[in-house]
file protein-v3.txt (compact mmCIF, C-alpha atoms)
# COMPACT_ATOMS: atom_id res chain seq x y z
CA THR A 647 39.30 -56.16 4.87
CA LYS A 648 36.23 -56.35 7.09
CA ARG A 649 37.07 -52.97 8.66
CA MET A 650 37.32 -51.28 5.23
CA ILE A 651 34.04 -52.85 4.12
CA LYS A 652 32.35 -51.62 7.31
CA LEU A 653 33.67 -48.07 6.80
CA GLN A 654 32.43 -48.08 3.18
CA GLN A 655 29.01 -49.25 4.32
CA MET A 656 28.89 -46.50 6.95
CA ASN A 657 29.94 -43.92 4.37
CA HIS A 658 27.24 -45.17 1.99
CA ARG A 659 24.57 -44.96 4.70
CA PHE A 660 25.75 -41.41 5.59
CA LYS A 661 25.51 -40.24 1.95
CA THR A 662 22.13 -41.88 1.57
CA GLY A 663 20.87 -40.25 4.77
CA LEU A 664 22.24 -36.87 3.70
CA PHE A 665 20.57 -37.21 0.31
CA LEU A 666 17.23 -38.09 1.93
CA LEU A 667 17.58 -35.14 4.30
CA ILE A 668 18.23 -32.70 1.45
CA LEU A 669 15.38 -34.24 -0.51
CA SER A 670 12.99 -33.89 2.41
CA LEU A 671 14.03 -30.27 2.99
CA SER A 672 13.59 -29.47 -0.69
CA ALA A 673 10.18 -31.08 -0.69
CA GLY A 674 9.23 -29.07 2.37
CA VAL A 675 10.31 -25.79 0.80
CA SER A 676 8.73 -26.48 -2.57
CA GLY A 677 5.58 -27.65 -0.86
CA GLN A 678 5.01 -24.28 0.82
CA THR A 679 2.08 -22.42 -0.69
CA GLU A 680 2.30 -18.73 -1.52
CA ASN A 681 -0.20 -16.27 -0.14
CA TYR A 682 -0.67 -14.38 -3.40
CA THR A 683 -0.57 -14.72 -7.16
CA VAL A 684 0.82 -11.74 -9.05
CA LYS A 685 0.54 -10.76 -12.72
CA LYS A 686 1.57 -7.67 -14.68
CA SER A 687 -1.57 -5.77 -15.67
CA PRO A 688 -2.41 -5.11 -19.34
CA LEU A 689 -2.15 -1.36 -18.83
CA SER A 690 1.61 -1.60 -18.16
CA SER A 691 4.08 -0.84 -20.95
CA ASP A 692 7.71 -1.79 -21.47
CA LYS A 693 8.79 1.72 -22.50
CA PHE A 694 7.12 4.04 -19.99
CA ASP A 695 6.43 4.03 -16.25
CA GLU A 696 2.96 3.30 -14.85
CA PHE A 697 2.31 3.38 -11.11
CA CYS A 698 0.07 4.50 -8.21
CA PRO A 699 -3.29 3.00 -9.32
CA VAL A 700 -6.56 4.19 -7.74
CA TYR A 701 -10.07 2.78 -8.25
CA TYR A 702 -12.37 5.07 -10.22
CA LYS A 703 -15.74 4.36 -11.94
CA GLY A 704 -15.11 0.79 -13.04
CA GLY A 705 -11.54 1.52 -13.99
CA ILE A 706 -8.18 2.71 -12.78
CA VAL A 707 -6.68 6.17 -12.49
CA PHE A 708 -2.89 6.02 -12.45
CA CYS A 709 0.31 8.00 -13.04
CA SER A 710 2.57 7.67 -16.07
CA ASN A 711 5.29 9.50 -18.00
CA ARG A 712 4.02 8.23 -21.37
CA ASP A 713 3.74 10.63 -24.33
CA ILE A 714 0.57 12.71 -24.53
CA ASP A 715 1.71 15.66 -26.64
CA ALA A 716 4.00 15.22 -29.62
CA VAL A 717 4.64 18.98 -29.89
CA ASN A 718 4.78 20.53 -26.41
CA LYS A 719 6.91 18.09 -24.46
CA TYR A 720 8.26 18.81 -21.03
CA SER A 721 10.79 16.63 -19.27
CA ASP A 722 12.66 16.46 -15.99
CA LEU A 723 16.42 16.64 -15.44
CA ARG A 724 16.73 12.97 -16.39
CA GLY A 725 15.14 13.64 -19.78
CA LYS A 726 11.94 11.75 -18.88
CA ASN A 727 8.49 13.16 -19.44
CA PHE A 728 6.81 14.71 -16.44
CA ILE A 729 4.24 12.54 -14.69
CA LYS A 730 0.61 12.93 -15.74
CA ILE A 731 -2.70 11.44 -14.57
CA PHE A 732 -4.38 8.83 -16.79
CA TYR A 733 -7.52 6.72 -16.74
CA THR A 734 -8.39 3.35 -18.26
CA ASP A 735 -11.51 1.19 -18.09
CA THR A 736 -10.39 -2.12 -16.56
CA SER A 737 -13.84 -3.71 -16.91
CA ALA A 738 -13.26 -3.98 -20.66
CA PHE A 739 -9.74 -5.49 -20.30
CA MET A 740 -8.24 -2.56 -22.13
CA SER A 741 -4.48 -2.37 -22.72
CA TRP A 742 -2.11 0.47 -21.89
CA GLN A 743 -2.58 1.97 -25.36
CA ASP A 744 -6.25 2.61 -24.52
CA ALA A 745 -5.48 4.80 -21.49
CA ARG A 746 -6.36 8.47 -21.85
CA LEU A 747 -5.50 11.67 -20.02
CA PHE A 748 -7.75 11.87 -16.97
CA SER A 749 -8.52 15.60 -17.12
CA LYS A 750 -7.12 18.44 -19.19
CA SER A 751 -8.14 20.95 -16.51
CA LEU A 752 -5.88 19.19 -13.97
CA LYS A 753 -2.90 18.91 -16.33
CA THR A 754 0.09 21.20 -15.76
CA ARG A 755 3.54 21.61 -17.28
CA MET A 756 5.08 19.87 -14.27
CA ASN A 757 4.39 16.66 -12.36
CA ASP A 758 0.75 15.71 -11.68
CA GLY A 759 -0.30 12.89 -9.32
CA PRO A 760 -0.79 10.60 -7.53
CA VAL A 761 -4.46 11.07 -6.64
CA SER A 762 -7.15 10.07 -4.14
CA PHE A 763 -10.93 10.43 -4.45
CA SER A 764 -13.70 11.07 -1.98
CA HIS A 765 -16.17 8.22 -1.47
CA ASP A 766 -18.75 9.80 -3.82
CA LEU A 767 -16.02 10.64 -6.38
CA SER A 768 -17.02 14.32 -6.35
CA THR A 769 -13.66 15.51 -4.99
CA VAL A 770 -10.14 14.61 -6.00
CA TYR A 771 -7.01 15.18 -3.90
CA PHE A 772 -3.84 15.10 -5.93
CA SER A 773 -0.17 15.96 -5.77
CA ARG A 774 1.61 18.34 -8.11
CA ASN A 775 4.32 20.98 -8.06
CA ILE A 776 3.25 24.09 -6.14
CA TYR A 777 4.14 26.43 -9.00
CA ALA A 778 2.61 25.12 -12.22
CA GLU A 779 2.64 28.42 -14.11
CA GLY A 780 5.19 31.14 -14.74
CA SER A 781 8.71 31.22 -16.10
CA SER A 782 10.83 28.14 -16.61
CA SER A 783 13.28 29.39 -13.95
CA ASP A 784 10.47 29.65 -11.38
CA MET A 785 9.14 26.20 -12.13
CA SER A 786 12.59 24.60 -12.13
CA SER A 787 13.54 26.26 -8.85
CA PRO A 788 14.45 23.94 -5.94
CA ARG A 789 11.71 25.75 -3.98
CA ASN A 790 9.03 24.47 -6.36
CA LYS A 791 8.18 21.57 -4.07
CA LEU A 792 5.37 19.05 -4.37
CA GLY A 793 2.12 20.00 -2.68
CA LEU A 794 -1.48 18.80 -2.41
CA PHE A 795 -4.42 20.24 -4.31
CA THR A 796 -8.15 19.56 -4.47
CA SER A 797 -10.72 19.91 -7.22
CA GLU A 798 -14.51 19.52 -7.25
CA PHE A 799 -16.42 17.82 -10.06
CA ASP A 800 -19.43 19.66 -11.51
CA GLY A 801 -19.73 18.29 -15.02
CA GLU A 802 -15.99 18.87 -15.25
CA TRP A 803 -13.12 19.21 -12.80
CA LYS A 804 -12.96 22.77 -11.49
CA LYS A 805 -9.93 24.98 -10.81
CA PRO A 806 -7.82 23.33 -8.09
CA HIS A 807 -7.40 24.76 -4.59
CA ASP A 808 -4.13 24.36 -2.74
CA PHE A 809 -3.77 22.54 0.57
CA ARG A 810 -3.31 24.98 3.45
CA TYR A 811 -0.07 23.28 4.58
CA ASN A 812 1.77 23.40 1.24
CA ASN A 813 5.26 24.79 1.74
CA GLU A 814 8.10 25.72 -0.61
CA TRP A 815 10.68 24.30 1.81
CA TYR A 816 9.48 20.67 1.82
CA ASN A 817 7.34 18.23 -0.14
CA ILE A 818 3.82 17.05 0.61
CA THR A 819 2.64 14.26 -1.68
CA ALA A 820 0.86 10.89 -2.09
CA PRO A 821 -2.55 11.82 -0.62
CA CYS A 822 -5.01 9.25 0.66
CA LEU A 823 -8.47 10.24 1.89
CA SER A 824 -10.01 7.85 4.41
CA PRO A 825 -13.21 6.12 3.22
CA ASP A 826 -15.40 8.31 5.44
CA GLY A 827 -13.57 11.50 4.37
CA SER A 828 -12.62 12.47 7.92
CA VAL A 829 -8.85 11.86 7.69
CA LEU A 830 -6.33 12.82 5.03
CA PHE A 831 -3.08 10.83 4.96
CA PHE A 832 0.00 11.95 3.04
CA ALA A 833 3.79 11.73 2.92
CA SER A 834 6.13 14.61 3.65
CA ASP A 835 9.79 15.31 4.29
CA LYS A 836 8.94 18.27 6.53
CA PRO A 837 11.38 18.94 9.38
CA GLY A 838 10.85 17.19 12.71
CA GLY A 839 10.04 13.75 11.33
CA GLN A 840 11.60 10.36 11.97
CA GLY A 841 13.66 10.25 8.78
CA GLY A 842 13.53 11.16 5.11
CA SER A 843 9.83 11.01 4.24
CA ASP A 844 7.25 10.30 6.93
CA LEU A 845 3.54 9.53 6.97
CA TYR A 846 1.27 12.22 8.38
CA TYR A 847 -2.46 12.72 8.71
CA CYS A 848 -4.88 15.61 9.20
CA VAL A 849 -8.36 15.36 10.72
CA TRP A 850 -11.28 17.27 9.19
CA GLU A 851 -12.47 19.91 11.67
CA LYS A 852 -15.96 20.78 10.34
CA ASP A 853 -14.71 23.18 7.63
CA TYR A 854 -10.91 22.87 7.54
CA TRP A 855 -8.10 20.35 7.93
CA GLY A 856 -6.45 20.26 11.35
CA ASP A 857 -2.71 20.38 11.91
CA PRO A 858 -0.61 17.54 10.44
CA VAL A 859 0.12 14.72 12.89
CA ASN A 860 3.18 12.51 12.46
CA MET A 861 2.20 8.82 12.69
CA GLY A 862 5.06 8.21 15.09
CA PRO A 863 8.26 6.14 15.33
CA LEU A 864 6.49 2.78 15.26
CA VAL A 865 5.19 3.43 11.72
CA ASN A 866 7.78 5.92 10.48
CA SER A 867 11.42 4.88 10.30
CA PRO A 868 14.76 6.66 9.70
CA GLY A 869 14.15 5.82 6.03
CA ASN A 870 11.26 6.84 3.77
CA GLU A 871 7.56 6.03 4.17
CA SER A 872 5.00 6.99 1.53
CA TYR A 873 2.02 5.91 -0.63
CA PRO A 874 -0.61 5.35 2.08
CA PHE A 875 -3.88 3.60 1.23
CA MET A 876 -6.73 2.95 3.65
CA CYS A 877 -9.35 0.25 3.13
CA ARG A 878 -12.98 0.69 4.07
CA GLU A 879 -12.42 -1.39 7.22
CA GLY A 880 -9.58 0.86 8.45
CA GLU A 881 -6.51 -1.09 7.34
CA LEU A 882 -3.68 1.19 6.23
CA PHE A 883 -1.13 -0.02 3.66
CA PHE A 884 2.02 1.96 2.89
CA SER A 885 5.51 1.60 1.48
CA SER A 886 8.85 1.92 3.24
CA ASP A 887 12.53 1.44 2.62
CA GLY A 888 13.37 1.88 6.30
CA HIS A 889 11.62 -1.11 7.84
CA ARG A 890 13.14 -4.55 7.44
CA GLY A 891 12.02 -6.10 4.15
CA LEU A 892 13.20 -7.87 1.02
CA GLY A 893 14.90 -4.85 -0.54
CA GLY A 894 14.11 -1.43 -1.96
CA LYS A 895 10.64 -0.19 -1.07
CA ASP A 896 8.40 -2.82 0.49
CA ILE A 897 4.69 -2.77 1.26
CA PHE A 898 3.58 -2.88 4.89
CA TYR A 899 0.34 -2.90 6.81
CA THR A 900 -0.76 -1.20 10.02
CA ARG A 901 -3.99 -0.60 11.87
CA LEU A 902 -5.24 1.68 14.62
CA ILE A 903 -6.05 -0.40 17.73
CA ASP A 904 -6.97 1.29 21.01
CA SER A 905 -5.83 4.66 19.58
CA VAL A 906 -2.36 3.25 18.76
CA TRP A 907 -0.98 2.57 15.29
CA GLN A 908 0.39 -0.96 15.42
CA LYS A 909 3.87 -2.13 14.47
CA PRO A 910 3.94 -2.52 10.65
CA VAL A 911 3.50 -6.01 9.20
CA HIS A 912 5.48 -6.92 6.08
CA LEU A 913 3.43 -8.40 3.22
CA ASN A 914 4.77 -11.70 1.93
CA ALA A 915 6.26 -12.37 -1.51
CA PRO A 916 5.46 -12.29 -4.34
CA ILE A 917 3.78 -8.94 -3.61
CA ASN A 918 7.05 -7.76 -2.09
CA SER A 919 10.33 -8.44 -3.85
CA ARG A 920 13.94 -7.26 -3.76
CA TYR A 921 12.91 -4.35 -6.00
CA ASP A 922 10.72 -1.30 -5.28
CA ASP A 923 7.16 -2.34 -4.42
CA PHE A 924 4.67 0.33 -3.42
CA ALA A 925 1.26 1.98 -3.82
CA LEU A 926 -0.97 -1.03 -3.10
CA ILE A 927 -4.76 -0.77 -3.36
CA THR A 928 -7.22 -3.53 -2.54
CA ASP A 929 -10.83 -4.41 -1.83
CA PRO A 930 -11.93 -4.40 1.85
CA LEU A 931 -11.24 -8.14 2.26
CA MET A 932 -7.93 -8.02 0.38
CA LYS A 933 -9.07 -10.68 -2.06
CA ASN A 934 -7.53 -8.83 -4.99
CA GLY A 935 -6.04 -5.50 -5.95
CA TYR A 936 -3.13 -3.73 -7.60
CA PHE A 937 0.32 -2.45 -6.67
CA SER A 938 3.35 -0.89 -8.37
CA SER A 939 6.81 -2.37 -8.87
CA ASN A 940 9.95 -1.94 -10.97
CA ARG A 941 10.83 -5.64 -10.86
CA ASP A 942 10.67 -5.84 -14.68
CA GLY A 943 12.89 -2.87 -15.48
CA THR A 944 10.30 -0.06 -15.60
CA TYR A 945 7.66 0.91 -13.07
CA ASP A 946 4.59 -1.17 -13.83
CA ILE A 947 1.22 -1.91 -12.29
CA PHE A 948 0.67 -5.50 -11.17
CA SER A 949 -2.56 -7.17 -10.15
CA PHE A 950 -2.74 -9.70 -7.32
CA ASN A 951 -5.14 -12.29 -5.95
CA THR A 952 -5.03 -13.60 -2.39
CA LEU A 953 -4.84 -17.38 -2.00
CA ASN A 954 -4.01 -17.71 1.69
CA PRO A 955 -4.65 -14.48 3.61
CA GLN A 956 -1.97 -13.30 6.00
CA LEU A 957 -3.17 -12.99 9.59
CA PHE A 958 -2.66 -9.43 10.81
CA TYR A 959 -2.53 -8.72 14.55
CA SER A 960 -4.26 -11.95 15.55
CA THR A 961 -4.93 -12.09 19.28
CA GLU A 962 -4.37 -15.11 21.49
CA GLN A 963 -7.47 -17.16 22.21
CA ARG A 964 -8.51 -16.65 25.81
CA THR A 965 -9.62 -19.76 27.65
CA ASN A 966 -12.22 -19.04 30.24
CA VAL A 967 -12.44 -21.26 33.31
CA TYR A 968 -15.94 -21.03 34.63
CA CYS A 969 -16.11 -21.83 38.35
CA TYR A 970 -19.32 -21.23 40.20
CA LYS A 971 -20.05 -21.42 43.91
CA PHE A 972 -23.65 -22.25 44.77
CA ARG A 973 -25.24 -21.16 47.99
CA GLY A 974 -28.69 -21.86 49.19
CA GLY A 975 -31.32 -19.54 47.84
CA VAL A 976 -29.16 -18.30 44.94
CA LYS A 977 -30.34 -18.90 41.39
CA LEU A 978 -28.18 -18.38 38.25
CA ASN A 979 -29.96 -17.44 35.07
CA ILE A 980 -27.65 -18.22 32.15
CA ASP A 981 -28.67 -17.67 28.56
CA PRO A 982 -26.92 -20.46 26.58
CA GLU A 983 -27.40 -18.61 23.28
CA SER A 984 -25.20 -15.73 24.44
CA MET A 985 -22.29 -17.98 25.39
CA GLN A 986 -19.50 -19.37 23.23
CA TYR A 987 -18.41 -22.95 23.87
CA GLU A 988 -15.03 -24.59 23.26
CA TRP A 989 -14.38 -28.32 23.22
CA THR A 990 -10.92 -29.81 23.79
CA PHE A 991 -10.38 -33.36 22.54
CA GLY A 992 -6.85 -33.74 23.88
CA ASP A 993 -3.77 -34.80 21.92
CA SER A 994 -5.71 -37.31 19.84
CA GLY A 995 -7.59 -34.48 18.08
call {"tool": "encode", "arguments": {"input": "protein-v3.txt", "output": "structure tokens"}}
result
Amino acid sequence: TKRMIKLQQMNHRFKTGLFLLILSLSAGVSGQTENYTVKKSPLSSDKFDEFCPVYYKGGIVFCSNRDIDAVNKYSDLRGKNFIKIFYTDTSAFMSWQDARLFSKSLKTRMNDGPVSFSHDLSTVYFSRNIYAEGSSSDMSSPRNKLGLFTSEFDGEWKKPHDFRYNNEWYNITAPCLSPDGSVLFFASDKPGGQGGSDLYYCVWEKDYWGDPVNMGPLVNSPGNESYPFMCREGELFFSSDGHRGLGGKDIFYTRLIDSVWQKPVHLNAPINSRYDDFALITDPLMKNGYFSSNRDGTYDIFSFNTLNPQLFYSTEQRTNVYCYKFRGGVKLNIDPESMQYEWTFGDSG
């Protein structure tokens, strides 16, 4: 009948319209461009963990639990090797097999790293267990927390000195020295914080580090914040599992504006994923860099390149309305070179 034919035609048009809608939505999603490209670095292995990269003399210093001693092996309660500090020359495109122990004088029987260097590379700040010598019972004690240590380079790395705030009741780890050397950032689960592990900083007071300052509830969450890294321009990247993200640890960004640390900004995928992503380092313009992730089963170091930079804390353009009243005898001297002009062409562009 005519009514049945009309209903069939309407049904056909509905299905066709629905198909075109789905097709257009799919095209819109697939047409979105990513901000970053990500690739596993050649110094990552499938068997061991590699993470927390730091720039050093044309290469990378990083942490790993790979084998370094076939005779005297030490492992944690999970049966994995303790973390040690390694170095590889990235300028020669070397693979993970070419990495070597960074310094024998900084190696202990416990966990060593991550690290941070002064701008002139003459001083290293690194994390390790507070008690690195003594009996096995002392070193395996729950009071053998992680602390920070420093060492000076004079042809070789000298005997480390402990950080004045190390404490056997809580951990202090993941150091990051600001580019000018005036501020030391780190993570700690010391009492009085916002959650599990918080970000703190100390300011250099001529010849000693001032008291630790918690970065506050806007940066720190009820979860865990760690692995700070500050660029030369003052941008601070860190990792958190307490702020809203894609899952696990995610990498965030904050900056000090008018003496206030800003609300953290989440970095887009594929840098962040539903796995643990942390310990990002980058050049001042964030064109490229490295970060750590366990998205492939073990902790690996990934490199990234920025295609479309994310806009962090962009401010609204202010439109000035210049209105002048002229009175007799008054002269305005305006330098046109010191003014910024804006043209509006209307809706037609």
call {"tool": "residues_around", "arguments": {"input": "protein-v3.txt", "residues": "stretch 840-855 of chain A", "least_positions_apart": "5", "cutoff": "12 Å", "atoms": "only C-alpha atoms", "output": "PyMOL selection string"}}
result
chain A and resi 809-811+816-824+826-835+860-876+882-889+900+907
call {"tool": "write_last_selection", "arguments": {"input": "protein-v3.txt", "atoms": "C-alpha atoms", "output": "PDB file, in the coordinates of the input"}}
result
ATOM      1  CA  PHE A 809      -3.770  22.540   0.570  1.00  0.00           C
ATOM      2  CA  ARG A 810      -3.310  24.980   3.450  1.00  0.00           C
ATOM      3  CA  TYR A 811      -0.070  23.280   4.580  1.00  0.00           C
ATOM      4  CA  TYR A 816       9.480  20.670   1.820  1.00  0.00           C
ATOM      5  CA  ASN A 817       7.340  18.230  -0.140  1.00  0.00           C
ATOM      6  CA  ILE A 818       3.820  17.050   0.610  1.00  0.00           C
ATOM      7  CA  THR A 819       2.640  14.260  -1.680  1.00  0.00           C
ATOM      8  CA  ALA A 820       0.860  10.890  -2.090  1.00  0.00           C
ATOM      9  CA  PRO A 821      -2.550  11.820  -0.620  1.00  0.00           C
ATOM     10  CA  CYS A 822      -5.010   9.250   0.660  1.00  0.00           C
ATOM     11  CA  LEU A 823      -8.470  10.240   1.890  1.00  0.00           C
ATOM     12  CA  SER A 824     -10.010   7.850   4.410  1.00  0.00           C
ATOM     13  CA  ASP A 826     -15.400   8.310   5.440  1.00  0.00           C
ATOM     14  CA  GLY A 827     -13.570  11.500   4.370  1.00  0.00           C
ATOM     15  CA  SER A 828     -12.620  12.470   7.920  1.00  0.00           C
ATOM     16  CA  VAL A 829      -8.850  11.860   7.690  1.00  0.00           C
ATOM     17  CA  LEU A 830      -6.330  12.820   5.030  1.00  0.00           C
ATOM     18  CA  PHE A 831      -3.080  10.830   4.960  1.00  0.00           C
ATOM     19  CA  PHE A 832       0.000  11.950   3.040  1.00  0.00           C
ATOM     20  CA  ALA A 833       3.790  11.730   2.920  1.00  0.00           C
ATOM     21  CA  SER A 834       6.130  14.610   3.650  1.00  0.00           C
ATOM     22  CA  ASP A 835       9.790  15.310   4.290  1.00  0.00           C
ATOM     23  CA  ASN A 860       3.180  12.510  12.460  1.00  0.00           C
ATOM     24  CA  MET A 861       2.200   8.820  12.690  1.00  0.00           C
ATOM     25  CA  GLY A 862       5.060   8.210  15.090  1.00  0.00           C
ATOM     26  CA  PRO A 863       8.260   6.140  15.330  1.00  0.00           C
ATOM     27  CA  LEU A 864       6.490   2.780  15.260  1.00  0.00           C
ATOM     28  CA  VAL A 865       5.190   3.430  11.720  1.00  0.00           C
ATOM     29  CA  ASN A 866       7.780   5.920  10.480  1.00  0.00           C
ATOM     30  CA  SER A 867      11.420   4.880  10.300  1.00  0.00           C
ATOM     31  CA  PRO A 868      14.760   6.660   9.700  1.00  0.00           C
ATOM     32  CA  GLY A 869      14.150   5.820   6.030  1.00  0.00           C
ATOM     33  CA  ASN A 870      11.260   6.840   3.770  1.00  0.00           C
ATOM     34  CA  GLU A 871       7.560   6.030   4.170  1.00  0.00           C
ATOM     35  CA  SER A 872       5.000   6.990   1.530  1.00  0.00           C
ATOM     36  CA  TYR A 873       2.020   5.910  -0.630  1.00  0.00           C
ATOM     37  CA  PRO A 874      -0.610   5.350   2.080  1.00  0.00           C
ATOM     38  CA  PHE A 875      -3.880   3.600   1.230  1.00  0.00           C
ATOM     39  CA  MET A 876      -6.730   2.950   3.650  1.00  0.00           C
ATOM     40  CA  LEU A 882      -3.680   1.190   6.230  1.00  0.00           C
ATOM     41  CA  PHE A 883      -1.130  -0.020   3.660  1.00  0.00           C
ATOM     42  CA  PHE A 884       2.020   1.960   2.890  1.00  0.00           C
ATOM     43  CA  SER A 885       5.510   1.600   1.480  1.00  0.00           C
ATOM     44  CA  SER A 886       8.850   1.920   3.240  1.00  0.00           C
ATOM     45  CA  ASP A 887      12.530   1.440   2.620  1.00  0.00           C
ATOM     46  CA  GLY A 888      13.370   1.880   6.300  1.00  0.00           C
ATOM     47  CA  HIS A 889      11.620  -1.110   7.840  1.00  0.00           C
ATOM     48  CA  THR A 900      -0.760  -1.200  10.020  1.00  0.00           C
ATOM     49  CA  TRP A 907      -0.980   2.570  15.290  1.00  0.00           C
TER      50      TRP A 907
END
call {"tool": "atom_distance", "arguments": {"input": "protein-v3.txt", "atom1": "atom CA of A:Glu802", "atom2": "atom CA of A:Thr754"}}
result
16.3 Å
call {"tool": "residues_near_point", "arguments": {"input": "protein-v3.txt", "point": "(-11.9, 16.6, -3.1)", "cutoff": "9 Å", "atoms": "all atoms listed in the file", "output": "PyMOL selection string"}}
result
chain A and resi 762-764+767-772+795-799+823
call {"tool": "atom_distance", "arguments": {"input": "protein-v3.txt", "atom1": "atom CA of A:Gly801", "atom2": "atom CA of A:Tyr733"}}
result
16.9 Å
call {"tool": "closest_atom_pairs", "arguments": {"input": "protein-v3.txt", "of": "stretch 718-831 of chain A", "to": "stretch 696-699 of chain A", "cutoff": "9 Å", "atoms": "all atoms listed in the file", "output": "CSV"}}
result
residue,atom,partner,partner_atom,distance
A:Gly759,CA,A:Cys698,CA,8.5
A:Pro760,CA,A:Cys698,CA,6.2
A:Val761,CA,A:Cys698,CA,8.1
A:Ala820,CA,A:Cys698,CA,8.9
call {"tool": "axis_aligned_box", "arguments": {"input": "protein-v3.txt", "around": "stretch 805-814 of chain A", "padding_each_side": "8 Å", "output": "JSON"}}
result
{"center_x": -0.9, "center_y": 24.1, "center_z": -3.1, "size_x": 34.0, "size_y": 19.2, "size_z": 31.4}
call {"tool": "residues_around", "arguments": {"input": "protein-v3.txt", "residues": "stretch 774-787 of chain A", "least_positions_apart": "5", "cutoff": "7 Å", "atoms": "all atoms listed in the file", "output": "list in words"}}
result
Thr754, Arg755, Met756, Asn757, Asp758, Gly759, Leu792, Gly793 and Leu794 of chain A
call {"tool": "write_last_selection", "arguments": {"input": "protein-v3.txt", "atoms": "C-alpha atoms", "output": "PDB file, in the frame of the given file"}}
result
ATOM      1  CA  THR A 754       0.090  21.200 -15.760  1.00  0.00           C
ATOM      2  CA  ARG A 755       3.540  21.610 -17.280  1.00  0.00           C
ATOM      3  CA  MET A 756       5.080  19.870 -14.270  1.00  0.00           C
ATOM      4  CA  ASN A 757       4.390  16.660 -12.360  1.00  0.00           C
ATOM      5  CA  ASP A 758       0.750  15.710 -11.680  1.00  0.00           C
ATOM      6  CA  GLY A 759      -0.300  12.890  -9.320  1.00  0.00           C
ATOM      7  CA  LEU A 792       5.370  19.050  -4.370  1.00  0.00           C
ATOM      8  CA  GLY A 793       2.120  20.000  -2.680  1.00  0.00           C
ATOM      9  CA  LEU A 794      -1.480  18.800  -2.410  1.00  0.00           C
TER      10      LEU A 794
END
call {"tool": "closest_residue", "arguments": {"input": "protein-v3.txt", "among": "A:Lys750, A:Lys805, A:His912, A:Arg941", "to": "A:Val684", "atoms": "only C-alpha atoms"}}
result
A:Arg941
